[in-house]
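The file query_5.txt comes next; it holds compact mmCIF, C-alpha atoms.
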```
# COMPACT_ATOMS: atom_id res chain seq x y z
CA MET I 26 0.00 0.00 0.00
CA ARG I 27 2.82 2.43 0.88
CA ASN I 28 4.61 1.73 -2.41
CA LEU I 29 1.37 2.31 -4.32
CA THR I 30 0.87 5.64 -2.56
CA LEU I 31 4.40 6.72 -3.40
CA MET I 32 3.93 5.73 -7.04
CA LEU I 33 0.72 7.75 -7.26
CA ILE I 34 2.35 10.82 -5.72
CA THR I 35 5.36 10.57 -8.02
CA LEU I 36 3.07 10.21 -11.06
CA SER I 37 1.01 13.19 -9.91
CA MET I 38 4.15 15.32 -9.59
CA VAL I 39 5.24 14.39 -13.10
CA LEU I 40 1.82 15.22 -14.51
CA MET I 41 1.69 18.55 -12.68
CA THR I 42 5.05 19.51 -14.11
CA ALA I 43 4.01 18.48 -17.62
CA CYS I 44 0.69 20.28 -17.37
CA ASN I 45 1.97 23.40 -15.63
CA PRO I 46 0.16 26.56 -16.81
CA THR I 47 1.99 28.54 -19.48
CA ASP I 48 0.92 31.90 -18.05
CA GLU I 49 4.27 33.69 -17.56
CA SER I 50 2.86 35.63 -14.60
CA THR I 51 2.38 32.46 -12.55
CA ARG I 52 5.55 30.50 -13.20
CA THR I 53 9.33 30.80 -13.04
CA HIS I 54 11.82 30.02 -15.75
CA SER I 55 12.77 26.76 -13.98
CA LEU I 56 9.16 25.76 -13.28
CA SER I 57 10.10 24.87 -9.70
CA PRO I 58 7.12 23.30 -7.88
CA GLY I 59 5.49 25.74 -5.49
CA VAL I 60 7.38 28.74 -6.85
CA THR I 61 5.97 31.59 -8.92
CA ASP I 62 7.41 34.99 -9.79
CA THR I 63 5.89 36.40 -6.61
CA GLU I 64 5.40 33.52 -4.19
CA ILE I 65 6.95 30.45 -2.53
CA ARG I 66 4.44 27.96 -1.11
CA LEU I 67 5.27 25.90 1.96
CA GLY I 68 3.25 23.14 3.64
CA SER I 69 3.09 22.78 7.42
CA SER I 70 1.31 19.87 9.14
CA LEU I 71 1.17 20.25 12.90
CA ALA I 72 -1.12 20.01 15.89
CA LEU I 73 -3.27 23.12 16.14
CA THR I 74 -5.92 21.42 18.29
CA GLY I 75 -6.00 18.53 20.74
CA HIS I 76 -3.57 17.48 23.46
CA ALA I 77 -0.52 18.90 21.63
CA GLY I 78 -2.29 21.96 20.22
CA TYR I 79 -0.21 24.41 22.25
CA LEU I 80 3.01 23.02 20.77
CA GLY I 81 1.82 23.30 17.17
CA THR I 82 0.28 26.73 17.65
CA GLN I 83 3.40 28.17 19.27
CA THR I 84 5.71 26.61 16.68
CA LEU I 85 3.66 28.04 13.82
CA ARG I 86 3.30 31.51 15.33
CA GLY I 87 7.00 31.70 16.08
CA ALA I 88 7.75 30.88 12.45
CA GLN I 89 5.06 33.22 11.15
CA ALA I 90 6.39 36.13 13.20
CA TYR I 91 9.61 36.00 11.20
CA ILE I 92 7.91 35.20 7.90
CA HIS I 93 5.53 38.17 8.29
CA TYR I 94 8.56 40.36 8.90
CA ILE I 95 10.35 39.04 5.80
CA ASN I 96 7.23 39.44 3.64
CA SER I 97 6.69 43.00 4.86
CA SER I 98 10.28 43.73 3.80
CA GLY I 99 9.66 42.51 0.24
CA GLY I 100 10.12 38.77 0.69
CA VAL I 101 13.08 36.74 -0.54
CA HIS I 102 14.38 37.80 -3.95
CA GLY I 103 11.03 39.46 -4.59
CA ARG I 104 8.91 36.48 -3.57
CA LYS I 105 6.59 36.35 -0.54
CA LEU I 106 6.48 33.21 1.58
CA LYS I 107 3.09 31.55 1.95
CA VAL I 108 2.66 28.88 4.63
CA ILE I 109 -0.29 26.54 4.11
CA ALA I 110 -0.92 25.06 7.57
CA PHE I 111 -3.13 22.01 8.17
CA ASP I 112 -4.06 20.69 11.60
CA ASP I 113 -3.12 17.05 12.17
CA SER I 114 -4.05 16.96 15.89
CA TYR I 115 -0.78 15.06 16.54
CA ASP I 116 -2.23 12.08 14.67
CA PRO I 117 0.14 10.24 12.26
CA PRO I 118 -2.47 9.23 9.63
CA LYS I 119 -3.76 12.82 9.48
CA CYS I 120 -0.23 14.11 9.08
CA LEU I 121 0.38 11.69 6.22
CA ALA I 122 -2.87 12.72 4.52
CA ASN I 123 -1.97 16.41 4.93
CA THR I 124 1.44 15.82 3.43
CA GLN I 125 0.03 13.96 0.45
CA LYS I 126 -2.34 16.88 -0.13
CA PHE I 127 0.52 19.40 0.13
CA ILE I 128 2.50 17.54 -2.54
CA ILE I 129 -0.31 16.55 -4.92
CA GLU I 130 -2.93 19.31 -4.63
CA ASN I 131 -1.10 22.30 -3.17
CA ASN I 132 2.10 21.62 -5.10
CA VAL I 133 4.26 23.09 -2.32
CA PHE I 134 7.94 23.88 -2.73
CA ALA I 135 8.92 22.48 0.67
CA LEU I 136 7.53 21.02 3.90
CA PHE I 137 8.14 23.16 6.94
CA CYS I 138 7.70 23.28 10.73
CA TYR I 139 6.29 19.82 11.37
CA VAL I 140 5.58 18.95 15.02
CA GLY I 141 6.03 15.61 16.75
CA THR I 142 7.90 12.35 16.27
CA PRO I 143 5.13 9.87 15.34
CA THR I 144 3.65 12.33 12.86
CA THR I 145 6.88 13.45 11.21
CA VAL I 146 8.38 9.97 11.00
CA LYS I 147 5.22 8.87 9.16
CA VAL I 148 6.01 11.13 6.19
CA LEU I 149 9.71 10.26 5.82
CA PRO I 150 9.08 7.72 3.01
CA LEU I 151 7.30 10.47 1.00
CA VAL I 152 10.16 12.89 1.56
CA GLU I 153 12.69 10.29 0.46
CA GLU I 154 10.70 9.32 -2.64
CA THR I 155 9.64 12.78 -3.82
CA LYS I 156 12.77 14.66 -2.67
CA VAL I 157 10.64 17.47 -1.25
CA PRO I 158 12.71 19.27 1.42
CA LEU I 159 11.48 18.92 5.02
CA ILE I 160 12.86 21.80 7.05
CA GLY I 161 12.62 22.57 10.76
CA MET I 162 10.80 19.97 12.87
CA PHE I 163 9.78 20.32 16.52
CA THR I 164 11.08 16.88 17.42
CA GLY I 165 14.47 15.51 18.38
CA ALA I 166 13.82 12.03 17.02
CA ASN I 167 16.86 10.02 16.03
CA ALA I 168 14.95 8.67 13.01
CA LEU I 169 15.20 12.15 11.47
CA ARG I 170 18.97 11.99 11.77
CA GLU I 171 19.86 8.36 11.09
CA PRO I 172 20.09 7.17 8.44
CA PHE I 173 21.19 10.42 6.84
CA ASN I 174 18.62 11.98 4.52
CA ARG I 175 19.73 14.83 2.29
CA TYR I 176 16.27 16.40 2.27
CA VAL I 177 15.58 16.39 6.03
CA VAL I 178 16.96 19.51 7.74
CA ASN I 179 16.98 19.61 11.53
CA ILE I 180 17.64 22.80 13.45
CA ARG I 181 17.46 21.57 17.07
CA ALA I 182 19.48 19.06 19.11
CA SER I 183 18.23 15.48 19.47
CA TYR I 184 16.45 13.69 22.34
CA TYR I 185 19.52 11.49 22.68
CA GLN I 186 21.57 14.62 23.40
CA GLU I 187 18.98 15.95 25.84
CA THR I 188 18.67 12.74 27.84
CA GLU I 189 22.43 12.15 27.81
CA ALA I 190 23.08 15.60 29.27
CA ALA I 191 20.37 15.15 31.90
CA VAL I 192 21.54 11.68 32.98
CA LYS I 193 25.12 12.94 33.38
CA HIS I 194 23.97 15.76 35.65
CA LEU I 195 21.69 13.48 37.67
CA ILE I 196 24.49 10.97 38.29
CA ASN I 197 27.64 13.10 38.42
CA ASP I 198 26.26 16.22 40.12
CA LEU I 199 23.37 14.90 42.19
CA GLY I 200 24.56 11.36 42.89
CA ILE I 201 21.25 9.84 41.72
CA LYS I 202 21.60 6.42 40.13
CA ASN I 203 18.09 5.01 40.59
CA ILE I 204 16.49 6.66 37.55
CA ALA I 205 13.12 5.66 36.09
CA VAL I 206 11.53 6.59 32.75
CA PHE I 207 7.93 7.65 32.14
CA TYR I 208 7.20 7.74 28.43
CA GLN I 209 4.52 8.05 25.78
CA TYR I 210 3.94 4.66 24.16
CA ASP I 211 4.88 5.56 20.59
CA ALA I 212 7.89 6.53 18.47
CA TYR I 213 8.47 9.72 20.49
CA GLY I 214 8.44 7.99 23.84
CA PHE I 215 10.56 5.09 22.60
CA ASP I 216 13.16 7.56 21.32
CA GLY I 217 13.44 9.23 24.72
CA LEU I 218 13.49 5.85 26.46
CA ILE I 219 16.28 4.56 24.24
CA GLY I 220 18.24 7.79 24.69
CA THR I 221 17.99 7.44 28.47
CA GLU I 222 18.95 3.76 28.36
CA LEU I 223 22.01 4.54 26.22
CA ALA I 224 23.07 7.31 28.60
CA LEU I 225 22.64 5.07 31.66
CA LYS I 226 24.54 2.27 29.96
CA GLU I 227 27.64 4.50 29.92
CA PHE I 228 27.53 4.29 33.73
CA GLY I 229 26.79 0.57 33.79
CA LEU I 230 23.19 1.26 34.77
CA GLU I 231 19.68 0.84 33.38
CA PRO I 232 16.31 2.34 34.36
CA VAL I 233 15.06 1.04 37.70
CA SER I 234 11.55 1.15 36.25
CA ARG I 235 9.69 1.99 33.06
CA GLY I 236 6.13 3.33 33.02
CA SER I 237 4.13 4.43 29.99
CA TYR I 238 0.81 5.86 28.83
CA ILE I 239 -1.07 5.88 25.52
CA ARG I 240 -0.73 8.97 23.32
CA GLY I 241 -3.79 11.21 23.46
CA THR I 242 -4.85 10.08 26.94
CA LEU I 243 -4.18 11.10 30.52
CA ASN I 244 -4.18 7.51 31.78
CA VAL I 245 -0.93 7.75 33.70
CA GLN I 246 -1.91 5.88 36.87
CA GLU I 247 -0.52 2.48 35.86
CA GLY I 248 2.77 3.98 34.76
CA LEU I 249 2.99 5.97 37.99
CA GLU I 250 2.40 2.87 40.13
CA LYS I 251 5.23 0.98 38.40
CA ILE I 252 7.65 3.83 39.00
CA LEU I 253 6.36 4.55 42.51
CA ASN I 254 7.18 1.02 43.62
CA SER I 255 10.75 1.39 42.35
CA LYS I 256 11.46 4.29 44.74
CA ALA I 257 13.25 6.13 41.94
CA GLY I 258 15.25 9.20 42.87
CA ALA I 259 14.62 10.80 39.47
CA VAL I 260 12.09 10.27 36.69
CA VAL I 261 12.91 11.06 33.06
CA MET I 262 9.63 12.17 31.45
CA VAL I 263 9.05 11.81 27.70
CA GLY I 264 5.46 12.81 27.02
CA THR I 265 3.21 15.80 26.39
CA TYR I 266 2.37 18.52 28.89
CA GLY I 267 -1.05 17.18 29.91
CA ALA I 268 0.08 13.66 30.77
CA CYS I 269 3.32 14.78 32.41
CA ALA I 270 1.54 17.38 34.54
CA ARG I 271 -1.01 14.81 35.67
CA PHE I 272 1.78 12.38 36.55
CA ILE I 273 3.52 15.00 38.68
CA LYS I 274 0.31 16.10 40.42
CA LEU I 275 -0.69 12.51 41.21
CA ALA I 276 2.81 11.79 42.49
CA GLN I 277 2.48 14.74 44.88
CA THR I 278 -0.69 13.26 46.36
CA LYS I 279 1.22 10.04 47.07
CA GLN I 280 4.17 11.87 48.70
CA PHE I 281 6.41 10.66 45.89
CA ASP I 282 9.09 13.33 45.52
CA PRO I 283 11.83 12.42 43.04
CA ILE I 284 13.36 14.90 40.62
CA PHE I 285 11.04 15.15 37.64
CA TYR I 286 13.11 15.80 34.52
CA ASN I 287 11.30 16.55 31.24
CA VAL I 288 12.61 16.70 27.67
CA SER I 289 11.96 19.86 25.66
CA PHE I 290 8.98 18.57 23.66
CA VAL I 291 6.86 18.44 26.82
CA GLY I 292 6.36 22.21 26.49
CA ALA I 293 7.69 24.38 29.30
CA GLU I 294 5.06 27.09 29.53
CA GLU I 295 2.06 24.80 29.35
CA LEU I 296 3.55 22.27 31.77
CA ALA I 297 4.28 25.09 34.21
CA ARG I 298 0.71 26.36 33.97
CA ARG I 299 -0.73 22.93 34.69
CA VAL I 300 1.64 21.98 37.51
CA GLY I 301 1.23 25.36 39.20
CA ALA I 302 3.43 27.51 41.42
CA ASP I 303 4.17 24.93 44.14
CA ASP I 304 7.97 24.92 44.42
CA SER I 305 8.07 22.01 46.87
CA THR I 306 8.50 19.64 43.92
CA THR I 307 11.68 19.73 41.81
CA VAL I 308 10.77 19.88 38.13
CA LEU I 309 13.55 20.30 35.57
CA MET I 310 13.40 20.55 31.80
CA SER I 311 16.06 20.57 29.10
CA GLN I 312 15.76 23.09 26.27
CA VAL I 313 17.36 23.20 22.83
CA VAL I 314 17.13 26.98 22.42
CA PRO I 315 18.17 29.77 24.81
CA PRO I 316 15.52 31.42 27.01
CA PRO I 317 13.35 33.70 24.84
CA ASP I 318 13.23 36.49 27.43
CA ILE I 319 17.01 36.81 27.81
CA ASN I 320 18.81 38.57 24.99
CA SER I 321 21.59 41.01 24.30
CA GLY I 322 19.34 43.62 22.74
CA SER I 323 21.18 43.27 19.45
CA PRO I 324 19.08 43.26 16.25
CA GLY I 325 20.97 40.15 15.13
CA ASP I 326 20.06 38.20 18.25
CA ALA I 327 17.35 35.68 17.38
CA ALA I 328 15.84 35.75 20.89
CA PHE I 329 15.61 39.56 20.73
CA GLN I 330 14.06 39.42 17.27
CA TYR I 331 11.57 36.76 18.28
CA VAL I 332 10.30 38.57 21.36
CA ASN I 333 9.85 41.84 19.49
CA LEU I 334 8.36 40.42 16.29
CA LEU I 335 5.98 38.22 18.26
CA LYS I 336 4.80 41.32 20.11
CA GLN I 337 4.31 43.08 16.77
CA TYR I 338 2.43 40.34 14.90
CA PHE I 339 0.86 38.33 17.76
CA PRO I 340 0.53 40.86 20.59
CA THR I 341 -1.57 38.60 22.82
CA ASP I 342 0.98 35.76 22.78
CA THR I 343 3.60 35.21 25.47
CA PRO I 344 7.13 34.35 24.27
CA SER I 345 7.93 30.66 24.70
CA PHE I 346 10.76 28.20 24.13
CA VAL I 347 8.55 26.41 21.61
CA GLY I 348 7.82 29.63 19.73
CA LEU I 349 11.50 30.57 19.61
CA GLU I 350 12.28 27.18 18.08
CA GLY I 351 9.68 27.82 15.36
CA PHE I 352 11.22 31.25 14.83
CA LEU I 353 14.66 29.67 14.30
CA ASN I 354 13.15 27.23 11.82
CA ALA I 355 11.99 30.20 9.77
CA ARG I 356 15.31 32.01 10.06
CA ILE I 357 17.20 29.01 8.68
CA LEU I 358 14.65 28.52 5.91
CA VAL I 359 14.96 32.16 4.86
CA GLU I 360 18.75 32.05 5.08
CA GLY I 361 18.74 29.06 2.74
CA LEU I 362 16.32 30.72 0.31
CA GLN I 363 18.44 33.86 0.20
CA LYS I 364 21.62 31.90 -0.46
CA ALA I 365 19.87 29.79 -3.12
CA GLY I 366 19.22 32.87 -5.26
CA ARG I 367 16.42 33.89 -7.61
CA ASP I 368 16.60 30.75 -9.78
CA LEU I 369 15.15 28.66 -7.00
CA THR I 370 15.02 24.86 -7.07
CA ARG I 371 14.63 22.29 -4.33
CA GLU I 372 18.13 20.95 -4.91
CA GLY I 373 19.47 24.49 -4.89
CA LEU I 374 17.83 25.16 -1.53
CA ILE I 375 19.35 22.04 0.02
CA ASP I 376 22.78 22.95 -1.40
CA ALA I 377 22.41 26.45 0.04
CA ILE I 378 21.48 25.20 3.51
CA GLU I 379 24.35 22.74 3.37
CA SER I 380 26.71 25.68 2.82
CA ILE I 381 25.61 27.55 5.97
CA ASN I 382 28.63 27.82 8.23
CA ASN I 383 28.78 29.48 11.65
CA LEU I 384 25.66 31.60 11.17
CA GLU I 385 25.48 33.67 14.37
CA LEU I 386 22.04 33.79 15.96
CA GLY I 387 23.03 35.32 19.28
CA PRO I 388 25.61 35.04 22.05
CA GLY I 389 26.99 31.51 21.95
CA VAL I 390 24.39 30.39 19.40
CA SER I 391 25.45 29.59 15.84
CA ILE I 392 24.29 27.27 13.05
CA THR I 393 26.54 25.14 10.87
CA TYR I 394 25.65 22.45 8.32
CA GLY I 395 27.72 20.39 5.92
CA PRO I 396 27.59 17.63 3.28
CA GLY I 397 26.83 14.97 5.89
CA ASP I 398 25.37 17.20 8.60
CA ARG I 399 21.68 18.10 8.76
CA GLN I 400 21.52 19.28 12.38
CA GLY I 401 22.28 22.91 13.10
CA LEU I 402 22.34 23.16 16.91
CA ASP I 403 23.82 20.91 19.61
CA THR I 404 23.69 22.96 22.82
CA ILE I 405 21.45 21.77 25.67
CA TYR I 406 20.13 24.29 28.21
CA PHE I 407 18.48 23.43 31.52
CA THR I 408 15.58 25.16 33.24
CA ARG I 409 13.83 24.69 36.58
CA LEU I 410 10.22 25.32 37.54
CA GLU I 411 10.11 28.21 40.00
CA LYS I 412 7.05 30.20 41.01
CA GLY I 413 5.03 28.86 38.10
CA ARG I 414 7.56 29.36 35.31
CA PHE I 415 10.67 27.66 33.97
CA VAL I 416 13.82 29.73 34.49
CA PRO I 417 17.45 29.08 33.50
CA PHE I 418 19.13 26.60 35.81
CA THR I 419 22.82 25.76 36.34
CA ASP I 420 23.19 25.34 40.12
CA TRP I 421 23.36 21.56 40.38
CA LYS I 422 25.50 21.76 43.53
CA GLY I 423 22.93 23.96 45.23
CA LEU I 424 20.10 21.61 44.22
CA LYS I 425 21.97 18.65 45.72
CA GLU I 426 22.49 20.51 48.98
CA ASP I 427 18.82 21.55 49.15
CA ARG I 428 17.59 18.00 48.61
CA GLU I 429 20.03 16.59 51.18
CA LYS I 430 18.61 19.01 53.76
CA ILE I 431 15.08 17.83 53.02
CA GLN I 432 16.04 14.18 53.26
```
Kindly transcribe the structure held in the file into structure tokens.
Amino acid sequence: MRNLTLMLITLSMVLMTACNPTDESTRTHSLSPGVTDTEIRLGSSLALTGHAGYLGTQTLRGAQAYIHYINSSGGVHGRKLKVIAFDDSYDPPKCLANTQKFIIENNVFALFCYVGTPTTVKVLPLVEETKVPLIGMFTGANALREPFNRYVVNIRASYYQETEAAVKHLINDLGIKNIAVFYQYDAYGFDGLIGTELALKEFGLEPVSRGSYIRGTLNVQEGLEKILNSKAGAVVMVGTYGACARFIKLAQTKQFDPIFYNVSFVGAEELARRVGADDSTTVLMSQVVPPPDINSGSPGDAAFQYVNLLKQYFPTDTPSFVGLEGFLNARILVEGLQKAGRDLTREGLIDAIESINNLELGPGVSITYGPGDRQGLDTIYFTRLEKGRFVPFTDWKGLKEDREKIQ
């Protein structure tokens, strides 16, 4: 069935190229799909509703803040960027259907700002077959990095990198070796689980317990009971904000007080809102972008740009880590389009992105790609929930001392 779908899409693309309108006002000299003299069409499938709706909405608005700015300045080489966004509700079959529609009916130039592991992984065979670039995904899945795919461009660090950094801090700085994993039972959760297991293996350890829940539900009780019985000193959490918040709140009612560490996809702002301002529980989260409210004030600083452009185009929105990641997706896309030139092709865009070297996005933040490198950032930042919001965190020694006093 998958091969038949790919054949139909490929045939449709050939037919669209052959039957492209001859009106000179609506085509380019190279007849690049999704490109006209005045416009570049992009397709974005992401959760705009449902239990991951906050993540998709923030990712899209972060990207749109920069795209609106670029369009208001004349676009890229005289072309405006148009993002066609379809809601997939974090559901893989919907994401696949959206992507097929983007390629066949909307004839987009590239896929952009996808959200989630199970959804994005579902479309990889289409990307590989049709060679439509997929740029900037809000997921750190290893499947988007290995095996190498020329047309898949990651901006953020991976879940393996996040969990490795967290496990090292938990063991080396806090002396915690009894680490459990709570994960979403799908490709996303498995990726975080494997990343944690690999990190623990370096210390000759493995998770003391594994608890899971089904995507789209808040049925975390069974997973909590498994981990509760293990008396874990820390829990690595690989889920979405609703399920992870419920897990933490239920754990509080059972006087279970480990360190709750969350990977970036959980969504800092929404998790903080749902957990609340009770600082008696230690909740940490890794991030793959710097804090959006800390910047140098320089026009070239991506965090500064994001905060100010979000205020301009989406004045009711609060800056978020998720939104900043979407903003960076758009910055890299635009950088690639500018370097690719006026005679735009998909291959030319990928070549242009591949040539990006040490693009400064702010203090200590730069992007580099290469012939075999499709991940731009590697830095992991840590934050801690304090007074109802996640703030930058580096004081591991102080955290150890505080917890020793409590115990």
Per-residue nearest contacts region 77-181 of chain I to region 284-298 of chain I, cut-off 10 Å, using all atoms listed in the file, as a tab-separated table:
```
residue	atom	partner	partner_atom	distance
I:Ala77	CA	I:Val291	CA	9.0
I:Tyr79	CA	I:Glu295	CA	7.5
I:Leu80	CA	I:Gly292	CA	6.7
I:Gln83	CA	I:Gly292	CA	9.8
I:Val140	CA	I:Phe290	CA	9.3
I:Gly141	CA	I:Phe290	CA	8.1
I:Thr142	CA	I:Phe290	CA	9.7
I:Phe163	CA	I:Phe290	CA	7.4
I:Thr164	CA	I:Phe290	CA	6.8
I:Gly165	CA	I:Phe290	CA	8.2
```
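You will find CA of Gly267 (chain I) at 14.3 Å from CA of Ala72 (chain I).
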Residue contacts of region 252-265 of chain I (8 Å, all atoms listed in the file) excluding same-chain residues fewer than 4 positions away, as JSON, numbers by chain | {"I": [76, 77, 188, 195, 201, 202, 203, 204, 205, 206, 207, 208, 209, 213, 214, 217, 218, 221, 233, 234, 235, 236, 248, 269, 281, 282, 283, 284, 285, 286, 287, 288, 290, 291, 292]}
Okay, now the selection with C-alpha atoms, as a PDB file, keeping the file's coordinate frame?
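So the final result, stored in result.pdb, reads:
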```pdb
ATOM      1  CA  HIS I  76      -3.570  17.480  23.460  1.00  0.00           C
ATOM      2  CA  ALA I  77      -0.520  18.900  21.630  1.00  0.00           C
ATOM      3  CA  THR I 188      18.670  12.740  27.840  1.00  0.00           C
ATOM      4  CA  LEU I 195      21.690  13.480  37.670  1.00  0.00           C
ATOM      5  CA  ILE I 201      21.250   9.840  41.720  1.00  0.00           C
ATOM      6  CA  LYS I 202      21.600   6.420  40.130  1.00  0.00           C
ATOM      7  CA  ASN I 203      18.090   5.010  40.590  1.00  0.00           C
ATOM      8  CA  ILE I 204      16.490   6.660  37.550  1.00  0.00           C
ATOM      9  CA  ALA I 205      13.120   5.660  36.090  1.00  0.00           C
ATOM     10  CA  VAL I 206      11.530   6.590  32.750  1.00  0.00           C
ATOM     11  CA  PHE I 207       7.930   7.650  32.140  1.00  0.00           C
ATOM     12  CA  TYR I 208       7.200   7.740  28.430  1.00  0.00           C
ATOM     13  CA  GLN I 209       4.520   8.050  25.780  1.00  0.00           C
ATOM     14  CA  TYR I 213       8.470   9.720  20.490  1.00  0.00           C
ATOM     15  CA  GLY I 214       8.440   7.990  23.840  1.00  0.00           C
ATOM     16  CA  GLY I 217      13.440   9.230  24.720  1.00  0.00           C
ATOM     17  CA  LEU I 218      13.490   5.850  26.460  1.00  0.00           C
ATOM     18  CA  THR I 221      17.990   7.440  28.470  1.00  0.00           C
ATOM     19  CA  VAL I 233      15.060   1.040  37.700  1.00  0.00           C
ATOM     20  CA  SER I 234      11.550   1.150  36.250  1.00  0.00           C
ATOM     21  CA  ARG I 235       9.690   1.990  33.060  1.00  0.00           C
ATOM     22  CA  GLY I 236       6.130   3.330  33.020  1.00  0.00           C
ATOM     23  CA  GLY I 248       2.770   3.980  34.760  1.00  0.00           C
ATOM     24  CA  CYS I 269       3.320  14.780  32.410  1.00  0.00           C
ATOM     25  CA  PHE I 281       6.410  10.660  45.890  1.00  0.00           C
ATOM     26  CA  ASP I 282       9.090  13.330  45.520  1.00  0.00           C
ATOM     27  CA  PRO I 283      11.830  12.420  43.040  1.00  0.00           C
ATOM     28  CA  ILE I 284      13.360  14.900  40.620  1.00  0.00           C
ATOM     29  CA  PHE I 285      11.040  15.150  37.640  1.00  0.00           C
ATOM     30  CA  TYR I 286      13.110  15.800  34.520  1.00  0.00           C
ATOM     31  CA  ASN I 287      11.300  16.550  31.240  1.00  0.00           C
ATOM     32  CA  VAL I 288      12.610  16.700  27.670  1.00  0.00           C
ATOM     33  CA  PHE I 290       8.980  18.570  23.660  1.00  0.00           C
ATOM     34  CA  VAL I 291       6.860  18.440  26.820  1.00  0.00           C
ATOM     35  CA  GLY I 292       6.360  22.210  26.490  1.00  0.00           C
TER      36      GLY I 292
END
```
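What separates CA of Gln400 (chain I) from CA of Arg170 (chain I) is a distance of 7.7 Å.
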Min atom-atom distance to Tyr94 (chain I) from the set I:Leu386, I:Leu353, I:Leu334, I:Ala110, counting only C-alpha atoms, belongs to I:Leu334
Contacts of Asp420 (chain I) within 12 Å, all atoms listed in the file, excl. fewer than 6 positions in-chain, as a PyMOL selection string | chain I and resi 194+198-199+309+407-409+426-427
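Between CA of Val177 (chain I) and CA of Leu159 (chain I) the interatomic distance comes to 4.9 Å.
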Neighbours of Asp398 (chain I) within 9 Å (all atoms listed in the file; same-chain residues fewer than 6 positions away dropped), as JSON, numbers by chain?
-> {"I": [170, 173, 175, 178, 379]}
I need the residues from that last selection saved to file as a PDB file, in the frame of the given file (with C-alpha atoms), if you can.
```pdb
ATOM      1  CA  ARG I 170      18.970  11.990  11.770  1.00  0.00           C
ATOM      2  CA  PHE I 173      21.190  10.420   6.840  1.00  0.00           C
ATOM      3  CA  ARG I 175      19.730  14.830   2.290  1.00  0.00           C
ATOM      4  CA  VAL I 178      16.960  19.510   7.740  1.00  0.00           C
ATOM      5  CA  GLU I 379      24.350  22.740   3.370  1.00  0.00           C
TER       6      GLU I 379
END
```
